[in-house]
Amino acid sequence: MKQSKLFTKTRKEVPTNEEAKNAKLLIRAGYIHKEMAGVYSYLPLGLRVLNKIVEIIRREMNAIGGQEVFLSALQDPEIWKKSGRWSDEAFENWFKTKIKAGGEAGLGFTHEEPLTNLMKNHISSFRDLPRYVYQFQTKFRNEPRARSGIIRGREFLMKDFYSFSRDTQEHEIFYEKAKQAYQNIFAEAGIGAQTFLTFASGGTFSKNSHEFQTATDAGEDTIYLCEKCKVAVNKEIFVEQNTCPECGVKELVEKRAVEVGNIFSLGTRFSEAFGLNYLDEKGEKKLVIMGSYGIGPGRLMGTIVEVLADEKGIVWPKTVAPFQIHLIAVFDENGKVKIAAEKLYSALLKNGIEVLFDDRDLRAGEKFADADLLGIPLRVVISEKTLKENKIETKERATSEISLISESELINLLNNS
RNA sequence: CGGGACGUGGUGUAACGGUAGCAUACAUGCUUUGGGAGCAUGCAGUCCGGGUUCAAAUCCCGGCGUCCCGACCA
C-alpha cells in the first residue's frame with residue numbers, strides 16, 4: 001500500500017477527549033476513529049490489525065474443532081425470558097430497541113441463549129455430541145461508563161465459542177484444550193510473557209472460571225500473581241484463595257491487569273433452561289454440558305498497544321502488524337531514489353511481503369516520526385546514502401537495531417521470519 | 001448510577017461582558033531535504049436551546065456531549 005493513497009492521516013497532537021494510551025496512540029496514528037464514548041470505528045490500518053488478530057484466533061478455534069457461525073446481533077426477547085436474563089434487573093446493560101411493526105428486540109451482549117436455543121434443532125443424540133461452535137460478533141453492552149479506549153466499549157467485537165458436551169468429564173477434557181488454545185493465541189499475539197492464567201469467580205454462571213489477564217498499569221482488574229508458576233488469582237476471589245493454586249506459595253505479587261480472555265464451565269445452566277437434551281446409548285435423556293469461551297479481538301488489540309508501545313508510538317508484534325515492513329524513501333534531487341524505491345516496492349510485493357510504502361514527498365524526519373508512531377515492525381529506508389553502497393537500511397521498531405543489507409538479504413529475511 | 005472537571009476552525013489552544021487570536025493541518029508559490037524545516041498568501045471556529053445585557057465564547061437556566069474517580073462489567 002502506498003502511503004500517499006492512504007486516506008488516514010497521522011497527527012502530532014494528542015486527542016484531549018481520550019485518556020487511555022491505546023486510544024490516544026491508535027487515534028493519532030489513524031488506526032481508529034472515535035464515534036462516541038465507548039464506540040470506535042476501525043480504519044484501514046486498524047482493520048488490518050484487527051483482522052490479523054481475528055485470524056490468529058480463528059486458526060486456534062478451528063484447531064480445537066470449532067465450527068464458525070455468524071449469529072444475529074438483534075435478539076428475540078422471548079428467548080432471553082427463558083433464561084431469565086431479559087429483565088433489566090438480571091442484566092443492567094442491555095441495549096433494547098422497539099420494532100416498528102410491534103414488539104421489542106435486544107442487541108446481543110452475549111449469545112448463550114440464542115445458540116442454545118438454536119442447537120435444540122441439531123442435538124438430540126449422543127452421536128450429535130460433542131459439538132463446538134463459535135463466531136466473531138459485534139456485542140453491545142450499555143456500560144454505565146465507557147473507558148480505557150478500545151479496551152472497554154459499548155460496542156465491541158467478540159469471539160465467543162461454546163462447547164456442547166455429553167458429560168462433565170468430556171467437558172473438562174475439552175476445557176483444558178481450550179485453555180491451551182488460549183495460551184497459544186496470546187503467545188502468538190505477542191503478549192504471552194505478560195498474560196497469565198487467572199483463577200476467578202464464575203460470575204453469574206458457575207462457581208469457577210479462568211481468565212487470561214495481561215499485566216499492565218492500564219488494567220482495570222487486580223490480580224495476585226505467583227511469579228514462579230505464572231498463574232494468578234483475581235482479587236474477586238483472593239479472600240478465599242490467597243495462595244498460588246498450583247504450588248501453594250503465599251507470596252503473590254499484586255498487579256493491574258486487563259482481562260483479555262475468559263473461559264467458563266456453564267454446566268447445565270442453559271441446557272436446562274432451554275431443554276437441550278440428548279438420548280444416550282441406553283436411551284436415557286440427559287442434559288448437555290456447556291462451556292463458553294470469550295476473547296475480544298479489539299480489546300486484545302488495545303492491550304497489545306498498552307503493553308508494547310513506547311514514548312514514540314505503537315510497537316506491533318510481527319504477527320498482528322498491519323504490514324511487515326514500512327518502506328521509506330528519502331527523496332533526493334535527481335529522482336534516483338524515487339525510481340529505486342518504486343523498484344524495491346514492486347519486488348517486495350512480488351515476494352508476497354506486506355509493505356506500506358511511504359512515497360509521500362515529505363522530509364525524512366516527518367516520515368521517521370510517522371513510522372515510529374505507526375509501529376510497523378521493520379522500517380526499511382532507501383536514500384541517496386544507501387544507494388551509494390547498493391544497500392538498504394533496516395531498523396527494527398522494537399529494538400531500534402539498525403543494519404545495512406542488500407535487497408536479496410532483505411527478501412530472504414522476510415520470507416524466513 | 002453517585003462525585004468531579006470540561007466543551008472555541010479538522011486537530012491543539014488563547015481571549016476582563018466590548019474587533020474571536022495563535023499554532024498545527026490543508027491549498028498555492030519559492031527556498032529547504034536522514035529525525036515532525038523557513039517565508040509569503042489563502043481556506044477554516046465559539047456544542048444546542050432559552051434568558052440577562054446596548055453588547056455574551058465569557059454571566060444565568062435547561063439540554064446534549066466528552067474525560068476522570070467510584071459502583072458495575074469481557
# chains A, B, ... in the order shown; residues from 1 in each chain; ligands from 1
>>> select_by_dssp(residues="stretch 242-364 of chain A", states="alpha helix (DSSP H)", output="ChimeraX atom specification")
/A:269-274,297-308,336-350,364
>>> write_last_selection(atoms="N, CA and C atoms", output="mmCIF file, in the first residue's frame")
data_model
loop_
_atom_site.group_PDB
_atom_site.id
_atom_site.type_symbol
_atom_site.label_atom_id
_atom_site.label_comp_id
_atom_site.auth_asym_id
_atom_site.auth_seq_id
_atom_site.Cartn_x
_atom_site.Cartn_y
_atom_site.Cartn_z
ATOM 1 N N ARG A 269 -26.682 -24.844 33.147
ATOM 2 C CA ARG A 269 -27.427 -23.592 33.341
ATOM 3 C C ARG A 269 -28.322 -23.259 32.146
ATOM 4 N N PHE A 270 -27.785 -23.395 30.951
ATOM 5 C CA PHE A 270 -28.568 -23.023 29.769
ATOM 6 C C PHE A 270 -29.275 -24.217 29.151
ATOM 7 N N SER A 271 -28.636 -25.384 29.185
ATOM 8 C CA SER A 271 -29.293 -26.551 28.586
ATOM 9 C C SER A 271 -30.583 -26.863 29.338
ATOM 10 N N GLU A 272 -30.569 -26.595 30.637
ATOM 11 C CA GLU A 272 -31.768 -26.834 31.430
ATOM 12 C C GLU A 272 -32.863 -25.818 31.072
ATOM 13 N N ALA A 273 -32.471 -24.555 30.988
ATOM 14 C CA ALA A 273 -33.452 -23.507 30.702
ATOM 15 C C ALA A 273 -34.113 -23.711 29.336
ATOM 16 N N PHE A 274 -33.366 -24.268 28.397
ATOM 17 C CA PHE A 274 -33.901 -24.414 27.040
ATOM 18 C C PHE A 274 -34.305 -25.851 26.716
ATOM 19 N N PRO A 297 -11.287 -9.363 20.307
ATOM 20 C CA PRO A 297 -10.137 -9.015 19.456
ATOM 21 C C PRO A 297 -9.749 -7.534 19.549
ATOM 22 N N GLY A 298 -10.741 -6.665 19.661
ATOM 23 C CA GLY A 298 -10.438 -5.242 19.784
ATOM 24 C C GLY A 298 -9.761 -4.940 21.111
ATOM 25 N N ARG A 299 -10.264 -5.561 22.153
ATOM 26 C CA ARG A 299 -9.637 -5.384 23.464
ATOM 27 C C ARG A 299 -8.202 -5.901 23.431
ATOM 28 N N LEU A 300 -8.024 -7.025 22.765
ATOM 29 C CA LEU A 300 -6.682 -7.594 22.654
ATOM 30 C C LEU A 300 -5.757 -6.609 21.928
ATOM 31 N N MET A 301 -6.290 -6.011 20.868
ATOM 32 C CA MET A 301 -5.515 -5.026 20.114
ATOM 33 C C MET A 301 -5.123 -3.847 21.003
ATOM 34 N N GLY A 302 -6.064 -3.348 21.760
ATOM 35 C CA GLY A 302 -5.777 -2.237 22.663
ATOM 36 C C GLY A 302 -4.768 -2.622 23.732
ATOM 37 N N THR A 303 -4.867 -3.852 24.195
ATOM 38 C CA THR A 303 -3.957 -4.319 25.235
ATOM 39 C C THR A 303 -2.532 -4.434 24.694
ATOM 40 N N ILE A 304 -2.417 -4.913 23.462
ATOM 41 C CA ILE A 304 -1.089 -5.008 22.843
ATOM 42 C C ILE A 304 -0.456 -3.616 22.780
ATOM 43 N N VAL A 305 -1.252 -2.621 22.407
ATOM 44 C CA VAL A 305 -0.736 -1.249 22.358
ATOM 45 C C VAL A 305 -0.291 -0.813 23.753
ATOM 46 N N GLU A 306 -1.115 -1.056 24.742
ATOM 47 C CA GLU A 306 -0.781 -0.649 26.108
ATOM 48 C C GLU A 306 0.527 -1.273 26.575
ATOM 49 N N VAL A 307 0.684 -2.541 26.267
ATOM 50 C CA VAL A 307 1.827 -3.279 26.810
ATOM 51 C C VAL A 307 3.121 -2.962 26.065
ATOM 52 N N LEU A 308 3.042 -2.813 24.757
ATOM 53 C CA LEU A 308 4.281 -2.743 23.971
ATOM 54 C C LEU A 308 4.666 -1.346 23.485
ATOM 55 N N LYS A 336 16.621 9.711 -8.384
ATOM 56 C CA LYS A 336 17.128 8.330 -8.438
ATOM 57 C C LYS A 336 16.520 7.476 -7.332
ATOM 58 N N VAL A 337 16.419 8.055 -6.162
ATOM 59 C CA VAL A 337 15.899 7.310 -5.018
ATOM 60 C C VAL A 337 14.465 6.895 -5.285
ATOM 61 N N LYS A 338 13.712 7.817 -5.850
ATOM 62 C CA LYS A 338 12.309 7.534 -6.132
ATOM 63 C C LYS A 338 12.184 6.304 -7.034
ATOM 64 N N ILE A 339 12.986 6.269 -8.075
ATOM 65 C CA ILE A 339 12.938 5.142 -9.017
ATOM 66 C C ILE A 339 13.340 3.849 -8.318
ATOM 67 N N ALA A 340 14.423 3.920 -7.540
ATOM 68 C CA ALA A 340 14.903 2.728 -6.832
ATOM 69 C C ALA A 340 13.870 2.247 -5.817
ATOM 70 N N ALA A 341 13.227 3.179 -5.142
ATOM 71 C CA ALA A 341 12.239 2.818 -4.126
ATOM 72 C C ALA A 341 11.033 2.133 -4.761
ATOM 73 N N GLU A 342 10.581 2.675 -5.892
ATOM 74 C CA GLU A 342 9.456 2.061 -6.610
ATOM 75 C C GLU A 342 9.811 0.630 -7.016
ATOM 76 N N LYS A 343 11.043 0.465 -7.458
ATOM 77 C CA LYS A 343 11.501 -0.862 -7.894
ATOM 78 C C LYS A 343 11.506 -1.835 -6.713
ATOM 79 N N LEU A 344 12.044 -1.357 -5.606
ATOM 80 C CA LEU A 344 12.103 -2.199 -4.407
ATOM 81 C C LEU A 344 10.690 -2.543 -3.927
ATOM 82 N N TYR A 345 9.816 -1.563 -3.977
ATOM 83 C CA TYR A 345 8.420 -1.772 -3.573
ATOM 84 C C TYR A 345 7.792 -2.896 -4.402
ATOM 85 N N SER A 346 7.964 -2.832 -5.725
ATOM 86 C CA SER A 346 7.404 -3.883 -6.592
ATOM 87 C C SER A 346 8.019 -5.236 -6.275
ATOM 88 N N ALA A 347 9.319 -5.249 -6.033
ATOM 89 C CA ALA A 347 9.992 -6.514 -5.736
ATOM 90 C C ALA A 347 9.448 -7.123 -4.449
ATOM 91 N N LEU A 348 9.218 -6.296 -3.462
ATOM 92 C CA LEU A 348 8.685 -6.793 -2.196
ATOM 93 C C LEU A 348 7.272 -7.338 -2.380
ATOM 94 N N LEU A 349 6.467 -6.597 -3.122
ATOM 95 C CA LEU A 349 5.103 -7.054 -3.367
ATOM 96 C C LEU A 349 5.106 -8.384 -4.103
ATOM 97 N N LYS A 350 5.989 -8.486 -5.081
ATOM 98 C CA LYS A 350 6.081 -9.722 -5.861
ATOM 99 C C LYS A 350 6.425 -10.904 -4.968
ATOM 100 N N ALA A 364 12.521 13.697 5.612
ATOM 101 C CA ALA A 364 12.840 12.422 6.251
ATOM 102 C C ALA A 364 12.326 12.367 7.691
#
>>> interface_residues(of="chain A", to="chain B", cutoff="6 Å", atoms="only C-alpha atoms (C1' of nucleotides)", output="list of chain:residue names")
A:Glu13, A:Asn17, A:Arg363, A:Ala364, A:Gly365, A:Glu366
>>> closest_residue(among="A:Glu170, A:Asp370, A:Glu311, A:Glu89", to="A:Leu356", atoms="only C-alpha atoms")
A:Asp370
>>> atom_distance(atom1="atom CA of A:Leu197", atom2="atom CA of A:Ala178")
12.1 Å
>>> residues_around(residues="A:Arg28", least_positions_apart="6", cutoff="7 Å", atoms="only C-alpha atoms (C1' of nucleotides)", output="list in words")
Thr10, Arg11, Lys12 and Val14 of chain A
>>> write_last_selection(atoms="N, CA and C atoms", output="PDB file, in the first residue's frame")
ATOM      1  N   THR A  10      -1.847  10.890  10.098  1.00  0.00           N
ATOM      2  CA  THR A  10      -1.377  10.880  11.478  1.00  0.00           C
ATOM      3  C   THR A  10      -1.473  12.296  12.015  1.00  0.00           C
ATOM      4  N   ARG A  11      -1.417  12.415  13.325  1.00  0.00           N
ATOM      5  CA  ARG A  11      -1.370  13.760  13.871  1.00  0.00           C
ATOM      6  C   ARG A  11      -0.460  13.842  15.082  1.00  0.00           C
ATOM      7  N   LYS A  12       0.111  15.010  15.207  1.00  0.00           N
ATOM      8  CA  LYS A  12       1.057  15.236  16.292  1.00  0.00           C
ATOM      9  C   LYS A  12       0.342  15.437  17.606  1.00  0.00           C
ATOM     10  N   VAL A  14      -2.090  15.186  20.655  1.00  0.00           N
ATOM     11  CA  VAL A  14      -2.756  14.111  21.369  1.00  0.00           C
ATOM     12  C   VAL A  14      -4.217  14.505  21.560  1.00  0.00           C
TER      13      VAL A  14
END
>>> select_by_dssp(residues="stretch 57-171 of chain A", states="strand (DSSP E or B)", output="PyMOL selection string")
chain A and resi 67-68+74-75+95-98+104-107+125+131-140+147+152+155-165
>>> write_last_selection(atoms="C-alpha atoms", output="JSON list (two decimals), in the first residue's frame")
[["chain", "number", "residue", "atom", "x", "y", "z"],
["A", 67, "GLN", "CA", -17.27, -24.58, 13.63],
["A", 68, "GLU", "CA", -17.70, -20.95, 12.77],
["A", 74, "LEU", "CA", -30.67, -8.49, 17.17],
["A", 75, "GLN", "CA", -32.18, -10.75, 19.76],
["A", 95, "PHE", "CA", -29.44, -2.09, 24.68],
["A", 96, "LYS", "CA", -33.09, -2.62, 23.86],
["A", 97, "THR", "CA", -34.98, -1.23, 20.93],
["A", 98, "LYS", "CA", -38.55, -1.17, 19.63],
["A", 104, "GLU", "CA", -39.01, -5.32, 21.01],
["A", 105, "ALA", "CA", -35.54, -6.56, 20.27],
["A", 106, "GLY", "CA", -32.32, -6.62, 22.23],
["A", 107, "LEU", "CA", -28.86, -6.03, 20.87],
["A", 125, "SER", "CA", -28.49, -37.98, 20.29],
["A", 131, "ARG", "CA", -20.06, -30.01, 19.21],
["A", 132, "TYR", "CA", -18.13, -26.77, 19.24],
["A", 133, "VAL", "CA", -19.49, -23.56, 17.77],
["A", 134, "TYR", "CA", -18.01, -20.10, 17.65],
["A", 135, "GLN", "CA", -18.34, -16.75, 15.98],
["A", 136, "PHE", "CA", -16.91, -13.28, 15.73],
["A", 137, "GLN", "CA", -19.72, -10.95, 16.53],
["A", 138, "THR", "CA", -20.36, -7.36, 17.48],
["A", 139, "LYS", "CA", -21.63, -7.25, 21.04],
["A", 140, "PHE", "CA", -23.46, -4.38, 22.65],
["A", 147, "ARG", "CA", -13.43, 4.00, 29.42],
["A", 152, "ARG", "CA", -13.95, -1.31, 27.12],
["A", 155, "GLU", "CA", -19.97, -1.88, 21.05],
["A", 156, "PHE", "CA", -17.16, -4.32, 20.51],
["A", 157, "LEU", "CA", -16.13, -7.34, 18.54],
["A", 158, "MET", "CA", -16.06, -10.59, 20.45],
["A", 159, "LYS", "CA", -15.09, -14.10, 19.61],
["A", 160, "ASP", "CA", -17.45, -16.29, 21.54],
["A", 161, "PHE", "CA", -17.06, -20.02, 21.50],
["A", 162, "TYR", "CA", -19.46, -22.53, 23.02],
["A", 163, "SER", "CA", -18.89, -26.18, 23.78],
["A", 164, "PHE", "CA", -21.63, -28.81, 23.99],
["A", 165, "SER", "CA", -20.52, -31.99, 25.69]]
>>> closest_residue(among="A:Glu246, A:Glu188, A:Leu225, A:Ile263", to="A:Phe212", atoms="only C-alpha atoms")
A:Ile263
>>> residues_around(residues="stretch 39-52 of chain B", least_positions_apart="6", cutoff="8 Å", atoms="only C-alpha atoms (C1' of nucleotides)", output="list in words")
G7, U8, G9, A20, C26, A27, U28, C59, C60, C61, G62, G63, C64 and G65 of chain B
>>> atom_distance(atom1="atom CA of A:Asn234", atom2="atom CA of A:Ile289")
25.4 Å
>>> residues_around(residues="A:Glu389", least_positions_apart="4", cutoff="10 Å", atoms="only C-alpha atoms (C1' of nucleotides)", output="number ranges by chain")
A: 384-385, 404-406
>>> write_last_selection(atoms="N, CA and C atoms", output="tab-separated table (two decimals), in the first residue's frame")
chain	number	residue	atom	x	y	z
A	384	GLU	N	19.71	8.33	-0.90
A	384	GLU	CA	20.92	8.54	-1.66
A	384	GLU	C	22.09	7.82	-0.98
A	385	LYS	N	22.08	7.94	0.35
A	385	LYS	CA	23.15	7.35	1.15
A	385	LYS	C	23.22	5.83	0.96
A	404	LEU	N	22.57	-2.53	7.61
A	404	LEU	CA	22.61	-2.26	6.18
A	404	LEU	C	22.71	-3.60	5.48
A	405	ILE	N	21.69	-3.88	4.63
A	405	ILE	CA	21.70	-5.17	3.95
A	405	ILE	C	21.31	-4.97	2.49
A	406	SER	N	21.48	-6.01	1.71
A	406	SER	CA	21.11	-5.92	0.29
A	406	SER	C	19.64	-6.28	0.13
>>> residues_around(residues="A:Lys228", least_positions_apart="4", cutoff="10 Å", atoms="only C-alpha atoms (C1' of nucleotides)", output="count of residues only")
5
>>> residues_around(residues="B:G17", least_positions_apart="6", cutoff="12 Å", atoms="only C-alpha atoms (C1' of nucleotides)", output="JSON list (two decimals) with N, CA and C atoms (P, O5', C5', C4', C3', O3' and C1' of nucleotides), in the first residue's frame")
[["chain", "number", "residue", "atom", "x", "y", "z"],
["B", 52, "U", "P", -34.57, 38.42, 28.83],
["B", 52, "U", "O5'", -33.32, 38.82, 29.74],
["B", 52, "U", "C5'", -33.43, 38.81, 31.15],
["B", 52, "U", "C4'", -32.11, 39.19, 31.77],
["B", 52, "U", "C3'", -31.45, 40.44, 31.18],
["B", 52, "U", "O3'", -31.99, 41.63, 31.73],
["B", 52, "U", "C1'", -29.86, 38.71, 31.36],
["B", 53, "U", "P", -32.40, 42.84, 30.76],
["B", 53, "U", "O5'", -31.00, 43.32, 30.21],
["B", 53, "U", "C5'", -30.02, 43.86, 31.08],
["B", 53, "U", "C4'", -28.74, 44.07, 30.34],
["B", 53, "U", "C3'", -28.87, 44.84, 29.03],
["B", 53, "U", "O3'", -28.94, 46.24, 29.24],
["B", 53, "U", "C1'", -27.49, 42.94, 28.71],
["B", 54, "C", "P", -29.98, 47.09, 28.35],
["B", 54, "C", "O5'", -29.25, 47.17, 26.94],
["B", 54, "C", "C5'", -29.96, 47.63, 25.79],
["B", 54, "C", "C4'", -29.00, 47.75, 24.63],
["B", 54, "C", "C3'", -28.14, 46.55, 24.36],
["B", 54, "C", "O3'", -28.81, 45.58, 23.59],
["B", 54, "C", "C1'", -26.78, 48.47, 24.39],
["B", 55, "A", "P", -28.68, 44.05, 23.98],
["B", 55, "A", "O5'", -27.14, 43.79, 23.71],
["B", 55, "A", "C5'", -26.64, 43.77, 22.37],
["B", 55, "A", "C4'", -25.15, 43.62, 22.37],
["B", 55, "A", "C3'", -24.63, 42.37, 23.06],
["B", 55, "A", "O3'", -24.69, 41.25, 22.20],
["B", 55, "A", "C1'", -23.39, 44.25, 23.76],
["B", 56, "A", "P", -24.97, 39.79, 22.81],
["B", 56, "A", "O5'", -23.67, 39.50, 23.70],
["B", 56, "A", "C5'", -22.38, 39.43, 23.11],
["B", 56, "A", "C4'", -21.66, 38.21, 23.61],
["B", 56, "A", "C3'", -22.30, 36.89, 23.21],
["B", 56, "A", "O3'", -21.27, 35.89, 23.12],
["B", 56, "A", "C1'", -22.32, 37.07, 25.54],
["B", 57, "A", "P", -20.55, 35.65, 21.72],
["B", 57, "A", "O5'", -19.61, 34.40, 22.01],
["B", 57, "A", "C5'", -20.16, 33.10, 22.16],
["B", 57, "A", "C4'", -19.27, 32.26, 23.04],
["B", 57, "A", "C3'", -19.30, 32.62, 24.52],
["B", 57, "A", "O3'", -20.35, 31.97, 25.19],
["B", 57, "A", "C1'", -17.06, 32.43, 23.77],
["B", 58, "U", "P", -21.16, 32.70, 26.35],
["B", 58, "U", "O5'", -20.03, 33.09, 27.39],
["B", 58, "U", "C5'", -19.28, 32.07, 28.08],
["B", 58, "U", "C4'", -18.21, 32.74, 28.91],
["B", 58, "U", "C3'", -18.74, 33.62, 30.03],
["B", 58, "U", "O3'", -17.98, 33.43, 31.21],
["B", 58, "U", "C1'", -17.36, 34.89, 28.59],
["B", 59, "C", "P", -18.55, 32.51, 32.34],
["B", 59, "C", "O5'", -19.80, 33.37, 32.85],
["B", 59, "C", "C5'", -19.64, 34.33, 33.89],
["B", 59, "C", "C4'", -20.99, 34.85, 34.31],
["B", 59, "C", "C3'", -22.09, 33.80, 34.38],
["B", 59, "C", "O3'", -22.06, 33.08, 35.60],
["B", 59, "C", "C1'", -22.89, 35.68, 33.21]]
>>> atom_distance(atom1="atom C1' of B:G70", atom2="atom CA of A:Glu18")
19.1 Å
>>> closest_residue(among="A:Phe109, A:Tyr182, A:Phe199, A:Tyr175", to="A:Gly153", atoms="only C-alpha atoms")
A:Phe109
